[in-house]
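Worksheet for the structure shown next.
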2 protein chains.
Amino acid sequence: MNHLFRQLDVRLNEGECLKPCSLCEVRATGVCGSVSSADLIHLAPMATIVDIDRGQTFIREGSPAEYYFTVIYGSAKLYKILADGRRQIIGFAYVGNFLGLASEENSRFSAEALEPLRVCRIARTRLTPVLVRVRSMEQRFLGLAIEELSDAHDQMALLGRKTTAERMASFILLQARRPQPRGVKFPRIHLPMSRVDIADYLGVTIETVSRSLARLKKLGVIEVPNIHEIVILDDARLRAISGGLFDPTTIYDSRTS
Amino acid sequence: MNHLFRQLDVRLNEGECLKPCSLCEVRATGVCGSVSSADLIHLAPMATIVDIDRGQTFIREGSPAEYYFTVIYGSAKLYKILADGRRQIIGFAYVGNFLGLASEENSRFSAEALEPLRVCRIARTRLTPVLVRVRSMEQRFLGLAIEELSDAHDQMALLGRKTTAERMASFILLQARRPQPRGVKFPRIHLPMSRVDIADYLGVTIETVSRSLARLKKLGVIEVPNIHEIVILDDARLRAISGGLFDPTTIYDSRTS
DNA sequence: CGTTATCTTGACGTACATCAAATGTCGTGG
DNA sequence: CCACGACATTTGATGTACGTCAAGATAACG
């Protein structure tokens with residue numbers, strides 16, 4: 001077990017074991033949202049809140065997939081490594097996201113915290129018997145897997161067929177799908193990952209990421225107030241540049257409050 | 001409904017409705033393999049065998065996803081199209097493969113027969129109530145979705161980070177995972193798809209596919225007796241060139257009988 | 001406030017795309 | 001069975017987008 005994880009035991013005394021889940025802020029967005037209040041009694045005692053440092057790898061490709069994780073706050077990158085060290089980032093996980101679906105004994109990808117991360121962790125072996133009882137949870141798993149599969153297909157089209165400009169625009173729009181704080185004129189997107197991470201996600205180099213951001217900036221489509229922040233100035237233009245694919249409904253409605 | 005589909009009704013008289021499924025040659029490999037003989041009674045009456053011509057599109061991106069399909073024989077390509085017509089093939093479906101998982105109302109990709117194709121088709125709306133009863137089938141769906149997701153991640157690494165030579169070698173090895181006829185000295189791989197299809201799957205052009213095949217041939221790693229056939233002469237070398245990722249257990253054991 | 005890592009910008013090289021032509025494959029009808 | 005035409009594939013010549021290498025500029029950190 002990794003000692004860099006700080007485990008905050010949520011199991012209080014007997015009567016209170018339900019509380020942590022019923023108060024959970026991300027319950028609605030995660031898999032647990034599909035579980036009825038009554039069934040939470042089974043779930044809560046198995047859950048452990050774990051804090052993970054930035055840079056810490058908490059899922060290791062090739063190692064036993066022991067746990068399911070739900071991100072409570074912070075973010076993580078998910079990646080695979082080729083024999084010679086080349087890396088492909090297959091996705092990012094944010095608040096409410098669920099991790100750990102695996103058909104084999106071992107995980108097929110790694111996960112590393114991009115910033116201080118808090119997750120809700122449940123041992124797979126302990127959850128399995130509960131799945132049999134709480135049918136809605138298994139259905140939720142299937143729904144999640146299918147959605148992720150669909151996203152993966154989109155990303156395959158991006159990696160196989162899009163130019164650098166299109167990749168960058170698509171990436172920004174994808175990040176903009178996460179809920180943004182309201183009351184701002186233009187969507188302001190926080191990027192917790194480094195340029196290397198973006199490059200490894202888009203299948204290009206850091207220099208290319210840097211240059212394509214510069215180009216979008218010069219076009220007046222975006223603004224880059226700092227390394228980890230992007231402001232979308234011209235949403236329509238950005239969509240046009242992205243070359244399509246991502247469904248048009250999803251950018252967060254940024255009306256001034 | 002598409003009149004180019006030839007529907008062979010499998011629903012015989014009452015007593016015999018079970019027969020088609022229980023005699024099905026691909027039942028073991030498909031989702032139906034998870035269904036007990038007793039439960040087949042529910043399944044069989046909903047299934048329709050459909051023949052599809054080569055070149056016929058039977059799943060259309062953006063159109064309602066009405067059916068689940070299991071390939072009985074033949075093969076198909078699955079793809080997405082960008083706004084300007086660029087295409088990314090996200091996978092191929094062969095005998096025993098299952099198609100049609102979708103979380104939304106509409107399909108997110110298209111599917112077209114590569115050769116005369118026979119599928120077993122079930123309306124999604126009709127299967128859903130059965131899923132509630134036949135639990136094992138839902139579990140099988142989840143397992144399939146997770147496996148496909150894992151394959152998609154592998155393909156993302158290929159598209160994002162591999163050279164042309166590595167892509168080609170990986171592709172050949174992937175195709176070699178399908179069962180091969182025994183009794184031959186070297187695995188002989190049948191490729192039902194065109195060079196354009198291979199190119200759109202690997203994220204390169206047809207010329208690049210052609211050239212990289214020529215290079216592998218000159219290296220003595222493979223032989224190309226005809227357009228739709230590849231023989232692996234040096235498996236170890238091919239693996240070395242592929243740059244890793246695909247699990248090493250999967251090439252078909254080609255001992256001489 | 002210096003030290004180090006990260007990011008940006010520039011100069012140049014190369015793998016793959018593009019364009020073009022030759023060759024091969026397959027179906028059709030004589 | 002062979003000749004023909006249409007299309008698919010291969011091979012060659014050239015262009016270019018992105019990678020590589022290198023040097024500054026910014027940001028992060030003790």
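Chain labels follow the order of the structure tokens: the first chain is A, the next B, and so on; residue numbering restarts at 1 in every chain, and ligands are counted from 1 in their shown order.
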Nearby residues (only C-alpha atoms (C1' of nucleotides)) at most 7 Å from region 152-164 of chain A, same-chain spacing under 4 positions excluded, as a short mmCIF file (atom, residue, chain, number, x, y, z; two decimals) with C-alpha atoms, in the first residue's frame:
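Okay, this is what ended up in out.cif:
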```cif
data_model
loop_
_atom_site.label_atom_id
_atom_site.label_comp_id
_atom_site.auth_asym_id
_atom_site.auth_seq_id
_atom_site.Cartn_x
_atom_site.Cartn_y
_atom_site.Cartn_z
CA GLU A 148 -16.45 6.84 -22.33
CA MET A 168 -6.14 22.50 -30.11
CA LEU A 202 -3.30 15.63 -28.59
CA GLY A 203 -0.53 13.52 -30.07
CA SER A 212 -0.97 26.67 -32.05
CA LEU A 245 -17.25 16.11 -33.96
CA ARG B 86 -12.28 13.08 -43.65
CA GLN B 88 -11.65 7.78 -39.20
CA ILE B 90 -12.69 3.27 -35.32
CA ALA B 152 -9.94 2.12 -28.02
CA MET B 156 -5.44 6.15 -29.23
CA LEU B 159 -2.77 7.12 -33.47
CA GLY B 160 -1.16 9.64 -31.17
CA LEU B 202 -4.29 3.91 -38.99
CA GLY B 203 -4.56 7.66 -39.56
#
```
Quick one: contact table of chain C to chain A, 12 Å max, nearest atom pair and distance in Å to one decimal per residue, counting only C-alpha atoms (C1' of nucleotides), chain and number order, as a tab-separated table?
```
residue	atom	partner	partner_atom	distance
C:DA5	C1'	A:Ser194	CA	11.8
C:DT6	C1'	A:Ser194	CA	8.5
C:DC7	C1'	A:Ser210	CA	7.7
C:DT8	C1'	A:Ser210	CA	6.7
C:DT9	C1'	A:Arg211	CA	8.4
C:DG10	C1'	A:Glu207	CA	11.1
```
Please find the residues of chain D near chain A - the criterion being any atom within 9 Å, counting only C-alpha atoms (C1' of nucleotides) - and write them as a VMD selection string. chain D and resid 17 to 19 27
Go through region 67-255 of chain A and collect every residue that DSSP, computed from the backbone, puts in helix (DSSP H, G or I); the answer should be as a PDB file with C-alpha atoms, in the first residue's frame.
```pdb
ATOM      1  CA  ARG A 124     -13.551  -3.771  -6.255  1.00  0.00           C
ATOM      2  CA  THR A 125     -13.823  -7.078  -4.447  1.00  0.00           C
ATOM      3  CA  ARG A 126     -16.054  -5.519  -1.825  1.00  0.00           C
ATOM      4  CA  LEU A 127     -18.280  -3.692  -4.288  1.00  0.00           C
ATOM      5  CA  THR A 128     -18.968  -6.700  -6.508  1.00  0.00           C
ATOM      6  CA  PRO A 129     -21.434  -8.419  -4.148  1.00  0.00           C
ATOM      7  CA  VAL A 130     -23.224  -5.116  -3.668  1.00  0.00           C
ATOM      8  CA  LEU A 131     -23.569  -4.706  -7.426  1.00  0.00           C
ATOM      9  CA  VAL A 132     -25.648  -7.855  -7.466  1.00  0.00           C
ATOM     10  CA  ARG A 133     -28.119  -6.255  -5.065  1.00  0.00           C
ATOM     11  CA  ARG A 135     -28.925  -3.198  -9.893  1.00  0.00           C
ATOM     12  CA  SER A 136     -29.113   0.500 -10.753  1.00  0.00           C
ATOM     13  CA  MET A 137     -25.433   0.807 -10.010  1.00  0.00           C
ATOM     14  CA  GLU A 138     -24.463  -1.829 -12.522  1.00  0.00           C
ATOM     15  CA  GLN A 139     -26.647  -0.112 -15.108  1.00  0.00           C
ATOM     16  CA  ARG A 140     -24.874   3.139 -14.309  1.00  0.00           C
ATOM     17  CA  PHE A 141     -21.530   1.409 -14.866  1.00  0.00           C
ATOM     18  CA  LEU A 142     -22.677   0.289 -18.292  1.00  0.00           C
ATOM     19  CA  GLY A 143     -23.890   3.774 -19.157  1.00  0.00           C
ATOM     20  CA  LEU A 144     -20.565   5.272 -18.097  1.00  0.00           C
ATOM     21  CA  ALA A 145     -18.558   2.725 -20.062  1.00  0.00           C
ATOM     22  CA  ILE A 146     -20.575   3.402 -23.221  1.00  0.00           C
ATOM     23  CA  GLU A 147     -20.178   7.165 -22.867  1.00  0.00           C
ATOM     24  CA  GLU A 148     -16.450   6.835 -22.328  1.00  0.00           C
ATOM     25  CA  LEU A 149     -16.253   4.572 -25.358  1.00  0.00           C
ATOM     26  CA  SER A 150     -18.008   7.172 -27.446  1.00  0.00           C
ATOM     27  CA  ASP A 151     -15.607   9.868 -26.231  1.00  0.00           C
ATOM     28  CA  ALA A 152     -12.683   7.587 -27.033  1.00  0.00           C
ATOM     29  CA  HIS A 153     -13.978   7.233 -30.593  1.00  0.00           C
ATOM     30  CA  ASP A 154     -14.119  11.015 -30.929  1.00  0.00           C
ATOM     31  CA  GLN A 155     -10.566  11.232 -29.692  1.00  0.00           C
ATOM     32  CA  MET A 156      -9.501   8.579 -32.204  1.00  0.00           C
ATOM     33  CA  ALA A 157     -10.886  10.752 -35.002  1.00  0.00           C
ATOM     34  CA  LEU A 158      -9.007  13.724 -33.579  1.00  0.00           C
ATOM     35  CA  LEU A 159      -5.721  11.821 -33.332  1.00  0.00           C
ATOM     36  CA  GLY A 160      -6.070  10.137 -36.689  1.00  0.00           C
ATOM     37  CA  ARG A 161      -7.445  12.864 -38.874  1.00  0.00           C
ATOM     38  CA  THR A 164      -2.876  20.678 -35.027  1.00  0.00           C
ATOM     39  CA  ALA A 165      -5.123  23.748 -35.104  1.00  0.00           C
ATOM     40  CA  GLU A 166      -8.204  21.526 -35.090  1.00  0.00           C
ATOM     41  CA  ARG A 167      -6.840  19.446 -32.226  1.00  0.00           C
ATOM     42  CA  MET A 168      -6.142  22.502 -30.109  1.00  0.00           C
ATOM     43  CA  ALA A 169      -9.569  24.028 -30.780  1.00  0.00           C
ATOM     44  CA  SER A 170     -11.278  20.702 -30.061  1.00  0.00           C
ATOM     45  CA  PHE A 171      -9.323  20.372 -26.840  1.00  0.00           C
ATOM     46  CA  ILE A 172     -10.325  23.815 -25.621  1.00  0.00           C
ATOM     47  CA  LEU A 173     -13.978  23.159 -26.453  1.00  0.00           C
ATOM     48  CA  LEU A 174     -13.825  19.812 -24.695  1.00  0.00           C
ATOM     49  CA  GLN A 175     -12.429  21.417 -21.554  1.00  0.00           C
ATOM     50  CA  ARG A 195       1.842  21.751 -21.832  1.00  0.00           C
ATOM     51  CA  VAL A 196       3.531  18.347 -21.955  1.00  0.00           C
ATOM     52  CA  ASP A 197       0.271  16.765 -20.817  1.00  0.00           C
ATOM     53  CA  ILE A 198      -1.721  18.625 -23.465  1.00  0.00           C
ATOM     54  CA  ALA A 199       0.818  17.554 -26.087  1.00  0.00           C
ATOM     55  CA  ASP A 200       0.632  13.917 -24.999  1.00  0.00           C
ATOM     56  CA  TYR A 201      -3.155  14.104 -25.096  1.00  0.00           C
ATOM     57  CA  LEU A 202      -3.298  15.631 -28.586  1.00  0.00           C
ATOM     58  CA  ILE A 206       4.904  20.865 -26.603  1.00  0.00           C
ATOM     59  CA  GLU A 207       6.329  23.273 -29.162  1.00  0.00           C
ATOM     60  CA  THR A 208       3.405  22.596 -31.460  1.00  0.00           C
ATOM     61  CA  VAL A 209       0.945  23.152 -28.599  1.00  0.00           C
ATOM     62  CA  SER A 210       2.624  26.420 -27.765  1.00  0.00           C
ATOM     63  CA  ARG A 211       2.634  27.619 -31.345  1.00  0.00           C
ATOM     64  CA  SER A 212      -0.967  26.672 -32.046  1.00  0.00           C
ATOM     65  CA  LEU A 213      -2.098  28.483 -28.891  1.00  0.00           C
ATOM     66  CA  ALA A 214      -0.138  31.523 -30.038  1.00  0.00           C
ATOM     67  CA  ARG A 215      -1.860  31.383 -33.392  1.00  0.00           C
ATOM     68  CA  LEU A 216      -5.343  31.192 -31.839  1.00  0.00           C
ATOM     69  CA  LYS A 217      -4.371  34.130 -29.642  1.00  0.00           C
ATOM     70  CA  LYS A 218      -3.228  36.199 -32.622  1.00  0.00           C
ATOM     71  CA  ASP A 235     -16.812  30.612 -29.531  1.00  0.00           C
ATOM     72  CA  ALA A 236     -18.270  30.253 -33.034  1.00  0.00           C
ATOM     73  CA  ARG A 237     -14.874  30.746 -34.633  1.00  0.00           C
ATOM     74  CA  LEU A 238     -13.326  28.200 -32.306  1.00  0.00           C
ATOM     75  CA  ARG A 239     -15.980  25.664 -33.287  1.00  0.00           C
ATOM     76  CA  ALA A 240     -15.358  26.359 -36.943  1.00  0.00           C
ATOM     77  CA  ILE A 241     -11.640  25.779 -36.455  1.00  0.00           C
ATOM     78  CA  SER A 242     -12.198  22.584 -34.443  1.00  0.00           C
TER      79      SER A 242
END
```
Need to verify the contact set: DG30 (chain D), 12 Å, only C-alpha atoms (C1' of nucleotides), exclusion of same-chain residues closer than 3 positions in sequence. Can you return it as a ChimeraX atom specification? /C:1-4
May I have the residues from that selection written out with C-alpha atoms (C1' of nucleotides), as a PDB file, in the first residue's frame?
```pdb
ATOM      1  C1'  DC C   1      16.416  36.971  -5.250  1.00  0.00           C
ATOM      2  C1'  DG C   2      18.919  33.570  -7.318  1.00  0.00           C
ATOM      3  C1'  DT C   3      18.108  28.849  -9.146  1.00  0.00           C
ATOM      4  C1'  DT C   4      15.632  25.640 -11.757  1.00  0.00           C
TER       5       DT C   4
END
```
I'd like the neighbourhood of Glu104 (chain A) as a PyMOL selection string, where a residue qualifies if any of its atoms comes within 9 Å (using only C-alpha atoms (C1' of nucleotides)), though same-chain residues fewer than 2 positions away should be ignored. (chain A and resi 64-65+102+106-108) or (chain B and resi 147)
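Residues surrounding DT25 (chain C) within 10 Å are Asn226 and Ile227 of chain B; DT23 and DG27 of chain C; DC7, DA8 and DT9 of chain D [only C-alpha atoms (C1' of nucleotides); sequence separation below 2 positions excluded].
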Nearest residue to chain B out of A:Arg178, A:Met193, A:Val231, A:Asp84, using only C-alpha atoms? A:Asp84
Tell me, in Å to one decimal, how far CA of Arg54 (chain A) is from CA of Pro179 (chain A). 22.4 Å
Measuring between only C-alpha atoms (C1' of nucleotides), which one of C:DA21, C:DC16, C:DA11, C:DG29 shows the shortest distance to DT20 (chain D)?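 The shortest atom-to-atom distance to DT20 (chain D) comes from C:DA11.
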So how many Å separate CA of Gly30 (chain B) and CA of Lys185 (chain B), to one decimal?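 Those two atoms sit 29.1 Å apart.
What separates C1' of DC2 (chain D) from C1' of DG24 (chain C) is a distance of 17.1 Å.
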Tell me which protein, DNA and RNA residues are within 7 Å of His228 (chain B), counting only C-alpha atoms (C1' of nucleotides), leaving out same-chain ones fewer than 4 positions away, and put them as a list in words.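 Selected residues are His190, Leu191 and Pro192 of chain B.
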Using only C-alpha atoms, which of A:Pro116, A:Pro187, A:Pro225, A:Gly62 sits nearest chain B?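 Comparing A:Pro116, A:Pro187, A:Pro225, A:Gly62 against chain B, the winner is A:Gly62.
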All strand (DSSP E) residues (DSSP, backbone) inside region 178-235 of chain B, as a list in words: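 Everything in region 178-235 of chain B that counts as strand (DSSP E) is Arg188, Ile189, His190, Ile222, Glu223, Val224, Pro225, Asn226, Glu229, Ile230, Val231 and Ile232 of chain B.
When only C-alpha atoms are used to measure the gap to chain A, the shortest distance among B:Glu229, B:Asp53, B:Glu61, B:Glu25 belongs to B:Glu61.
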